[in-house]
>>> print(open('final_35.cif').read())   # mmCIF, N, CA and C atoms
data_query
loop_
_atom_site.label_atom_id
_atom_site.label_comp_id
_atom_site.auth_asym_id
_atom_site.auth_seq_id
_atom_site.Cartn_x
_atom_site.Cartn_y
_atom_site.Cartn_z
N MET A 1 16.46 7.09 -5.26
CA MET A 1 15.26 6.30 -5.05
C MET A 1 15.52 5.28 -3.94
N ILE A 2 14.57 5.15 -3.05
CA ILE A 2 14.67 4.20 -1.93
C ILE A 2 14.01 2.89 -2.34
N THR A 3 14.80 1.84 -2.47
CA THR A 3 14.27 0.51 -2.77
C THR A 3 14.82 -0.48 -1.75
N SER A 4 13.99 -1.45 -1.41
CA SER A 4 14.40 -2.45 -0.42
C SER A 4 13.69 -3.77 -0.69
N LYS A 5 14.48 -4.77 -1.00
CA LYS A 5 13.93 -6.11 -1.20
C LYS A 5 13.24 -6.59 0.09
N LYS A 6 13.81 -6.22 1.25
CA LYS A 6 13.22 -6.65 2.52
C LYS A 6 11.84 -6.02 2.73
N LEU A 7 11.69 -4.73 2.39
CA LEU A 7 10.38 -4.10 2.53
C LEU A 7 9.39 -4.76 1.57
N ARG A 8 9.81 -4.98 0.34
CA ARG A 8 8.91 -5.58 -0.66
C ARG A 8 8.49 -6.99 -0.25
N SER A 9 9.42 -7.78 0.22
CA SER A 9 9.08 -9.16 0.59
C SER A 9 8.33 -9.24 1.92
N SER A 10 8.35 -8.16 2.70
CA SER A 10 7.66 -8.17 4.01
C SER A 10 6.15 -8.25 3.87
N ALA A 11 5.63 -8.00 2.68
CA ALA A 11 4.17 -8.02 2.48
C ALA A 11 3.60 -9.44 2.46
N LYS A 12 4.45 -10.41 2.19
CA LYS A 12 3.98 -11.80 2.07
C LYS A 12 3.27 -12.25 3.34
N GLY A 13 2.02 -12.67 3.19
CA GLY A 13 1.24 -13.20 4.30
C GLY A 13 0.66 -12.15 5.24
N GLU A 14 0.87 -10.87 4.93
CA GLU A 14 0.34 -9.79 5.78
C GLU A 14 -1.13 -9.53 5.49
N GLN A 15 -1.77 -8.84 6.41
CA GLN A 15 -3.13 -8.37 6.20
C GLN A 15 -3.09 -7.08 5.39
N CYS A 16 -4.10 -6.84 4.61
CA CYS A 16 -4.22 -5.61 3.83
C CYS A 16 -4.34 -4.43 4.80
N THR A 17 -3.56 -3.37 4.55
CA THR A 17 -3.65 -2.18 5.40
C THR A 17 -4.53 -1.11 4.75
N VAL A 18 -5.01 -1.37 3.54
CA VAL A 18 -5.87 -0.40 2.85
C VAL A 18 -7.31 -0.55 3.33
N ASN A 19 -7.82 -1.75 3.28
CA ASN A 19 -9.16 -2.09 3.79
C ASN A 19 -10.25 -1.16 3.27
N ILE A 20 -10.38 -1.02 1.96
CA ILE A 20 -11.45 -0.20 1.40
C ILE A 20 -12.78 -0.90 1.67
N ALA A 21 -13.68 -0.20 2.34
CA ALA A 21 -14.98 -0.76 2.71
C ALA A 21 -15.71 -1.27 1.47
N GLY A 22 -16.18 -2.52 1.53
CA GLY A 22 -16.92 -3.12 0.43
C GLY A 22 -16.04 -3.64 -0.70
N VAL A 23 -14.73 -3.50 -0.58
CA VAL A 23 -13.79 -3.92 -1.62
C VAL A 23 -12.82 -4.98 -1.11
N CYS A 24 -12.21 -4.74 0.03
CA CYS A 24 -11.13 -5.59 0.56
C CYS A 24 -11.54 -7.06 0.59
N ASN A 25 -10.64 -7.93 0.10
CA ASN A 25 -10.94 -9.37 0.12
C ASN A 25 -10.37 -10.06 1.36
N TYR A 26 -9.62 -9.33 2.19
CA TYR A 26 -9.07 -9.84 3.45
C TYR A 26 -8.28 -11.14 3.27
N ASN A 27 -7.68 -11.32 2.10
CA ASN A 27 -6.94 -12.54 1.81
C ASN A 27 -5.44 -12.24 1.81
N PRO A 28 -4.73 -12.65 2.88
CA PRO A 28 -3.30 -12.35 2.96
C PRO A 28 -2.48 -12.99 1.84
N GLU A 29 -3.02 -14.00 1.18
CA GLU A 29 -2.30 -14.64 0.07
C GLU A 29 -2.21 -13.73 -1.15
N THR A 30 -3.05 -12.68 -1.22
CA THR A 30 -3.04 -11.78 -2.38
C THR A 30 -2.35 -10.45 -2.08
N VAL A 31 -1.81 -10.30 -0.85
CA VAL A 31 -1.22 -9.02 -0.43
C VAL A 31 0.18 -8.83 -1.02
N VAL A 32 0.39 -7.64 -1.56
CA VAL A 32 1.70 -7.22 -2.09
C VAL A 32 2.02 -5.84 -1.54
N LEU A 33 3.27 -5.42 -1.71
CA LEU A 33 3.64 -4.05 -1.35
C LEU A 33 3.25 -3.16 -2.52
N ALA A 34 2.21 -2.37 -2.34
CA ALA A 34 1.71 -1.48 -3.39
C ALA A 34 2.30 -0.10 -3.21
N HIS A 35 2.79 0.48 -4.28
CA HIS A 35 3.40 1.81 -4.23
C HIS A 35 2.33 2.89 -4.39
N LEU A 36 2.44 3.92 -3.55
CA LEU A 36 1.49 5.04 -3.56
C LEU A 36 2.16 6.25 -4.21
N PRO A 37 1.37 7.07 -4.87
CA PRO A 37 1.98 8.23 -5.55
C PRO A 37 2.56 9.24 -4.56
N ASP A 38 3.73 9.74 -4.91
CA ASP A 38 4.35 10.85 -4.17
C ASP A 38 5.32 11.55 -5.11
N GLU A 39 6.09 12.49 -4.61
CA GLU A 39 6.97 13.26 -5.49
C GLU A 39 8.15 12.46 -6.01
N SER A 40 8.36 11.23 -5.52
CA SER A 40 9.49 10.43 -6.00
C SER A 40 9.16 9.64 -7.26
N ASN A 41 7.88 9.65 -7.68
CA ASN A 41 7.54 8.85 -8.85
C ASN A 41 7.39 9.74 -10.09
N GLY A 42 7.30 9.09 -11.23
CA GLY A 42 7.14 9.80 -12.49
C GLY A 42 6.65 8.84 -13.55
N MET A 43 6.69 9.24 -14.79
CA MET A 43 6.24 8.39 -15.89
C MET A 43 7.03 7.09 -15.91
N GLY A 44 6.33 5.97 -15.73
CA GLY A 44 6.97 4.67 -15.77
C GLY A 44 7.88 4.38 -14.60
N LYS A 45 7.79 5.17 -13.54
CA LYS A 45 8.67 5.00 -12.38
C LYS A 45 7.82 4.90 -11.12
N LYS A 46 8.04 3.86 -10.32
CA LYS A 46 7.31 3.70 -9.07
C LYS A 46 7.86 4.64 -8.01
N SER A 47 7.02 4.89 -7.01
CA SER A 47 7.45 5.68 -5.86
C SER A 47 8.47 4.89 -5.05
N ASP A 48 9.11 5.57 -4.11
CA ASP A 48 10.01 4.90 -3.17
C ASP A 48 9.26 3.80 -2.43
N ASP A 49 10.01 2.79 -1.98
CA ASP A 49 9.39 1.68 -1.26
C ASP A 49 8.77 2.09 0.08
N ILE A 50 9.18 3.21 0.65
CA ILE A 50 8.54 3.65 1.91
C ILE A 50 7.22 4.37 1.65
N SER A 51 6.97 4.77 0.41
CA SER A 51 5.67 5.34 0.04
C SER A 51 4.82 4.20 -0.49
N SER A 52 4.42 3.34 0.44
CA SER A 52 3.77 2.10 0.04
C SER A 52 2.80 1.63 1.11
N CYS A 53 2.14 0.53 0.79
CA CYS A 53 1.23 -0.09 1.75
C CYS A 53 1.09 -1.56 1.41
N TYR A 54 0.59 -2.33 2.36
CA TYR A 54 0.24 -3.72 2.11
C TYR A 54 -1.17 -3.72 1.53
N ALA A 55 -1.31 -4.16 0.30
CA ALA A 55 -2.62 -4.12 -0.36
C ALA A 55 -3.00 -5.49 -0.91
N CYS A 56 -4.24 -5.90 -0.60
CA CYS A 56 -4.76 -7.13 -1.20
C CYS A 56 -5.03 -6.84 -2.68
N SER A 57 -5.26 -7.88 -3.45
CA SER A 57 -5.44 -7.69 -4.90
C SER A 57 -6.64 -6.79 -5.21
N ALA A 58 -7.70 -6.88 -4.43
CA ALA A 58 -8.89 -6.07 -4.70
C ALA A 58 -8.65 -4.59 -4.41
N CYS A 59 -8.06 -4.27 -3.26
CA CYS A 59 -7.77 -2.87 -2.93
C CYS A 59 -6.70 -2.30 -3.86
N HIS A 60 -5.71 -3.12 -4.22
CA HIS A 60 -4.66 -2.68 -5.14
C HIS A 60 -5.25 -2.30 -6.50
N ASP A 61 -6.22 -3.08 -6.96
CA ASP A 61 -6.88 -2.76 -8.24
C ASP A 61 -7.60 -1.42 -8.18
N VAL A 62 -8.22 -1.10 -7.06
CA VAL A 62 -8.90 0.18 -6.92
C VAL A 62 -7.87 1.32 -6.89
N ILE A 63 -6.82 1.17 -6.10
CA ILE A 63 -5.78 2.20 -6.00
C ILE A 63 -5.18 2.50 -7.37
N ASP A 64 -4.92 1.44 -8.15
CA ASP A 64 -4.27 1.61 -9.45
C ASP A 64 -5.25 1.88 -10.60
N GLY A 65 -6.54 1.99 -10.29
CA GLY A 65 -7.53 2.31 -11.32
C GLY A 65 -7.89 1.15 -12.23
N ARG A 66 -7.66 -0.08 -11.79
CA ARG A 66 -7.99 -1.26 -12.60
C ARG A 66 -9.35 -1.83 -12.26
N SER A 67 -10.10 -1.17 -11.39
CA SER A 67 -11.39 -1.66 -10.95
C SER A 67 -12.48 -0.66 -11.31
N ASN A 68 -13.66 -1.17 -11.57
CA ASN A 68 -14.81 -0.30 -11.84
C ASN A 68 -15.60 0.00 -10.58
N TYR A 69 -15.04 -0.35 -9.43
CA TYR A 69 -15.73 -0.12 -8.17
C TYR A 69 -16.08 1.36 -8.03
N CYS A 70 -17.32 1.62 -7.72
CA CYS A 70 -17.81 2.99 -7.62
C CYS A 70 -17.54 3.53 -6.21
N ILE A 71 -16.68 4.49 -6.12
CA ILE A 71 -16.33 5.10 -4.84
C ILE A 71 -16.10 6.58 -5.09
N ASP A 72 -16.45 7.39 -4.12
CA ASP A 72 -16.17 8.82 -4.25
C ASP A 72 -14.68 8.98 -4.04
N TRP A 73 -13.92 8.63 -5.06
CA TRP A 73 -12.47 8.54 -4.95
C TRP A 73 -11.82 9.88 -4.68
N ALA A 74 -12.38 10.95 -5.21
CA ALA A 74 -11.80 12.27 -4.97
C ALA A 74 -11.75 12.57 -3.47
N TYR A 75 -12.75 12.12 -2.75
CA TYR A 75 -12.82 12.37 -1.31
C TYR A 75 -12.06 11.31 -0.52
N HIS A 76 -12.24 10.05 -0.86
CA HIS A 76 -11.73 8.96 -0.05
C HIS A 76 -10.31 8.50 -0.37
N LYS A 77 -9.82 8.79 -1.57
CA LYS A 77 -8.51 8.28 -1.99
C LYS A 77 -7.41 8.67 -1.02
N GLN A 78 -7.29 9.94 -0.68
CA GLN A 78 -6.21 10.39 0.21
C GLN A 78 -6.35 9.76 1.60
N PHE A 79 -7.58 9.62 2.09
CA PHE A 79 -7.80 8.99 3.40
C PHE A 79 -7.27 7.56 3.39
N TYR A 80 -7.72 6.74 2.43
CA TYR A 80 -7.32 5.34 2.39
C TYR A 80 -5.82 5.18 2.18
N MET A 81 -5.24 5.97 1.29
CA MET A 81 -3.82 5.84 1.01
C MET A 81 -2.97 6.29 2.20
N ARG A 82 -3.32 7.40 2.84
CA ARG A 82 -2.54 7.87 3.99
C ARG A 82 -2.65 6.90 5.16
N ARG A 83 -3.88 6.44 5.43
CA ARG A 83 -4.08 5.49 6.53
C ARG A 83 -3.29 4.20 6.27
N ALA A 84 -3.34 3.69 5.05
CA ALA A 84 -2.63 2.47 4.71
C ALA A 84 -1.12 2.64 4.82
N ASN A 85 -0.61 3.80 4.38
CA ASN A 85 0.82 4.05 4.44
C ASN A 85 1.30 4.10 5.89
N ILE A 86 0.57 4.80 6.75
CA ILE A 86 0.95 4.88 8.17
C ILE A 86 0.87 3.51 8.83
N ARG A 87 -0.18 2.75 8.54
CA ARG A 87 -0.31 1.39 9.11
C ARG A 87 0.87 0.52 8.68
N THR A 88 1.28 0.66 7.43
CA THR A 88 2.37 -0.15 6.90
C THR A 88 3.71 0.28 7.49
N ILE A 89 3.93 1.57 7.62
CA ILE A 89 5.18 2.03 8.25
C ILE A 89 5.27 1.52 9.68
N ARG A 90 4.17 1.49 10.39
CA ARG A 90 4.17 0.92 11.75
C ARG A 90 4.57 -0.56 11.72
N LYS A 91 4.09 -1.29 10.72
CA LYS A 91 4.47 -2.71 10.56
C LYS A 91 5.96 -2.83 10.28
N PHE A 92 6.49 -1.94 9.40
CA PHE A 92 7.93 -1.95 9.12
C PHE A 92 8.72 -1.77 10.41
N ILE A 93 8.28 -0.86 11.26
CA ILE A 93 8.96 -0.60 12.54
C ILE A 93 8.85 -1.81 13.45
N GLU A 94 7.65 -2.41 13.55
CA GLU A 94 7.45 -3.60 14.39
C GLU A 94 8.36 -4.74 13.96
N LYS A 95 8.57 -4.88 12.64
CA LYS A 95 9.39 -5.96 12.10
C LYS A 95 10.88 -5.62 12.12
N GLY A 96 11.23 -4.41 12.56
CA GLY A 96 12.63 -3.99 12.59
C GLY A 96 13.19 -3.64 11.24
N LEU A 97 12.34 -3.42 10.26
CA LEU A 97 12.78 -3.08 8.91
C LEU A 97 13.11 -1.59 8.80
N ILE A 98 12.47 -0.80 9.63
CA ILE A 98 12.78 0.64 9.77
C ILE A 98 13.02 0.87 11.26
N VAL A 99 14.10 1.54 11.60
CA VAL A 99 14.43 1.80 12.99
C VAL A 99 14.27 3.29 13.27
N VAL A 100 13.53 3.58 14.32
CA VAL A 100 13.35 4.97 14.77
C VAL A 100 14.20 5.14 16.02
N LYS A 101 15.11 6.10 15.95
CA LYS A 101 16.00 6.34 17.09
C LYS A 101 15.55 7.54 17.88
#
>>> encode(input="final_35.cif", output="structure tokens")
Amino acid sequence: MITSKKLRSSAKGEQCTVNIAGVCNYNPETVVLAHLPDESNGMGKKSDDISSCYACSACHDVIDGRSNYCIDWAYHKQFYMRRANIRTIRKFIEKGLIVVK
């Protein structure tokens, strides 16, 4: 499992990379590193830290199913999660947390 305290703490003060239309609160004070589902997770186990995104509290609640927000999730879920993951990986690279050679 890939875990990194630096990746997790890098979310502090960042903008949400999920930006679900009509949901995002655009408040960097509520942003955390949210884990996205992939083959590295399981029952009671989070995904690797690179399978993640910067998510505000409102978008994180939708991703984790804690919100009653009505969205065609079957269609939009993969779009929002993939876009957020790529945006976040780019931030990791900009911050020097991931190095591409």
>>> residues_around(input="final_35.cif", residues="segment 23-39 of chain A", least_positions_apart="5", cutoff="6 Å", atoms="only C-alpha atoms", output="PyMOL selection string")
chain A and resi 8+11+13-15+47+51-59
>>> select_by_dssp(input="final_35.cif", residues="chain A", states="helix (DSSP H, G or I)", output="PyMOL selection string")
chain A and resi 5-9+28-30+57-63+73-94
>>> write_last_selection(input="final_35.cif", atoms="N, CA and C atoms", output="short mmCIF file (atom, residue, chain, number, x, y, z; two decimals), in the frame of the given file")
data_model
loop_
_atom_site.label_atom_id
_atom_site.label_comp_id
_atom_site.auth_asym_id
_atom_site.auth_seq_id
_atom_site.Cartn_x
_atom_site.Cartn_y
_atom_site.Cartn_z
N LYS A 5 14.48 -4.77 -1.00
CA LYS A 5 13.93 -6.11 -1.20
C LYS A 5 13.24 -6.59 0.09
N LYS A 6 13.81 -6.22 1.25
CA LYS A 6 13.22 -6.65 2.52
C LYS A 6 11.84 -6.02 2.73
N LEU A 7 11.69 -4.73 2.39
CA LEU A 7 10.38 -4.10 2.53
C LEU A 7 9.39 -4.76 1.57
N ARG A 8 9.81 -4.98 0.34
CA ARG A 8 8.91 -5.58 -0.66
C ARG A 8 8.49 -6.99 -0.25
N SER A 9 9.42 -7.78 0.22
CA SER A 9 9.08 -9.16 0.59
C SER A 9 8.33 -9.24 1.92
N PRO A 28 -4.73 -12.65 2.88
CA PRO A 28 -3.30 -12.35 2.96
C PRO A 28 -2.48 -12.99 1.84
N GLU A 29 -3.02 -14.00 1.18
CA GLU A 29 -2.30 -14.64 0.07
C GLU A 29 -2.21 -13.73 -1.15
N THR A 30 -3.05 -12.68 -1.22
CA THR A 30 -3.04 -11.78 -2.38
C THR A 30 -2.35 -10.45 -2.08
N SER A 57 -5.26 -7.88 -3.45
CA SER A 57 -5.44 -7.69 -4.90
C SER A 57 -6.64 -6.79 -5.21
N ALA A 58 -7.70 -6.88 -4.43
CA ALA A 58 -8.89 -6.07 -4.70
C ALA A 58 -8.65 -4.59 -4.41
N CYS A 59 -8.06 -4.27 -3.26
CA CYS A 59 -7.77 -2.87 -2.93
C CYS A 59 -6.70 -2.30 -3.86
N HIS A 60 -5.71 -3.12 -4.22
CA HIS A 60 -4.66 -2.68 -5.14
C HIS A 60 -5.25 -2.30 -6.50
N ASP A 61 -6.22 -3.08 -6.96
CA ASP A 61 -6.88 -2.76 -8.24
C ASP A 61 -7.60 -1.42 -8.18
N VAL A 62 -8.22 -1.10 -7.06
CA VAL A 62 -8.90 0.18 -6.92
C VAL A 62 -7.87 1.32 -6.89
N ILE A 63 -6.82 1.17 -6.10
CA ILE A 63 -5.78 2.20 -6.00
C ILE A 63 -5.18 2.50 -7.37
N TRP A 73 -13.92 8.63 -5.06
CA TRP A 73 -12.47 8.54 -4.95
C TRP A 73 -11.82 9.88 -4.68
N ALA A 74 -12.38 10.95 -5.21
CA ALA A 74 -11.80 12.27 -4.97
C ALA A 74 -11.75 12.57 -3.47
N TYR A 75 -12.75 12.12 -2.75
CA TYR A 75 -12.82 12.37 -1.31
C TYR A 75 -12.06 11.31 -0.52
N HIS A 76 -12.24 10.05 -0.86
CA HIS A 76 -11.73 8.96 -0.05
C HIS A 76 -10.31 8.50 -0.37
N LYS A 77 -9.82 8.79 -1.57
CA LYS A 77 -8.51 8.28 -1.99
C LYS A 77 -7.41 8.67 -1.02
N GLN A 78 -7.29 9.94 -0.68
CA GLN A 78 -6.21 10.39 0.21
C GLN A 78 -6.35 9.76 1.60
N PHE A 79 -7.58 9.62 2.09
CA PHE A 79 -7.80 8.99 3.40
C PHE A 79 -7.27 7.56 3.39
N TYR A 80 -7.72 6.74 2.43
CA TYR A 80 -7.32 5.34 2.39
C TYR A 80 -5.82 5.18 2.18
N MET A 81 -5.24 5.97 1.29
CA MET A 81 -3.82 5.84 1.01
C MET A 81 -2.97 6.29 2.20
N ARG A 82 -3.32 7.40 2.84
CA ARG A 82 -2.54 7.87 3.99
C ARG A 82 -2.65 6.90 5.16
N ARG A 83 -3.88 6.44 5.43
CA ARG A 83 -4.08 5.49 6.53
C ARG A 83 -3.29 4.20 6.27
N ALA A 84 -3.34 3.69 5.05
CA ALA A 84 -2.63 2.47 4.71
C ALA A 84 -1.12 2.64 4.82
N ASN A 85 -0.61 3.80 4.38
CA ASN A 85 0.82 4.05 4.44
C ASN A 85 1.30 4.10 5.89
N ILE A 86 0.57 4.80 6.75
CA ILE A 86 0.95 4.88 8.17
C ILE A 86 0.87 3.51 8.83
N ARG A 87 -0.18 2.75 8.54
CA ARG A 87 -0.31 1.39 9.11
C ARG A 87 0.87 0.52 8.68
N THR A 88 1.28 0.66 7.43
CA THR A 88 2.37 -0.15 6.90
C THR A 88 3.71 0.28 7.49
N ILE A 89 3.93 1.57 7.62
CA ILE A 89 5.18 2.03 8.25
C ILE A 89 5.27 1.52 9.68
N ARG A 90 4.17 1.49 10.39
CA ARG A 90 4.17 0.92 11.75
C ARG A 90 4.57 -0.56 11.72
N LYS A 91 4.09 -1.29 10.72
CA LYS A 91 4.47 -2.71 10.56
C LYS A 91 5.96 -2.83 10.28
N PHE A 92 6.49 -1.94 9.40
CA PHE A 92 7.93 -1.95 9.12
C PHE A 92 8.72 -1.77 10.41
N ILE A 93 8.28 -0.86 11.26
CA ILE A 93 8.96 -0.60 12.54
C ILE A 93 8.85 -1.81 13.45
N GLU A 94 7.65 -2.41 13.55
CA GLU A 94 7.45 -3.60 14.39
C GLU A 94 8.36 -4.74 13.96
#
>>> atom_distance(input="final_35.cif", atom1="atom N of Ile86 of chain A", atom2="atom CA of Leu7 of chain A")
13.9 Å
>>> closest_residue(input="final_35.cif", among="A:Ala84, A:Ile20, A:Ile63, A:Met1", to="Asp49 of chain A", atoms="only N, CA and C atoms")
A:Met1
>>> select_by_dssp(input="final_35.cif", residues="chain A", states="strand (DSSP E)", output="PyMOL selection string")
chain A and resi 32-35+52-55
>>> resolve_selection(input="final_35.cif", expression="the PyMOL selection byres (((chain A and resi 92-97 and name CA) around 10) and name CA)", output="PyMOL selection string")
chain A and resi 4+6-7+10-11+50+86-91+98-100
>>> atom_distance(input="final_35.cif", atom1="atom N of Phe79 of chain A", atom2="atom CA of Arg66 of chain A")
18.3 Å
>>> atom_distance(input="final_35.cif", atom1="atom CA of Lys101 of chain A", atom2="atom CA of Gln78 of chain A")
28.2 Å
>>> closest_residue(input="final_35.cif", among="A:Asp61, A:Thr17, A:Asp48, A:Thr3", to="Met81 of chain A", atoms="all atoms listed in the file")
A:Thr17
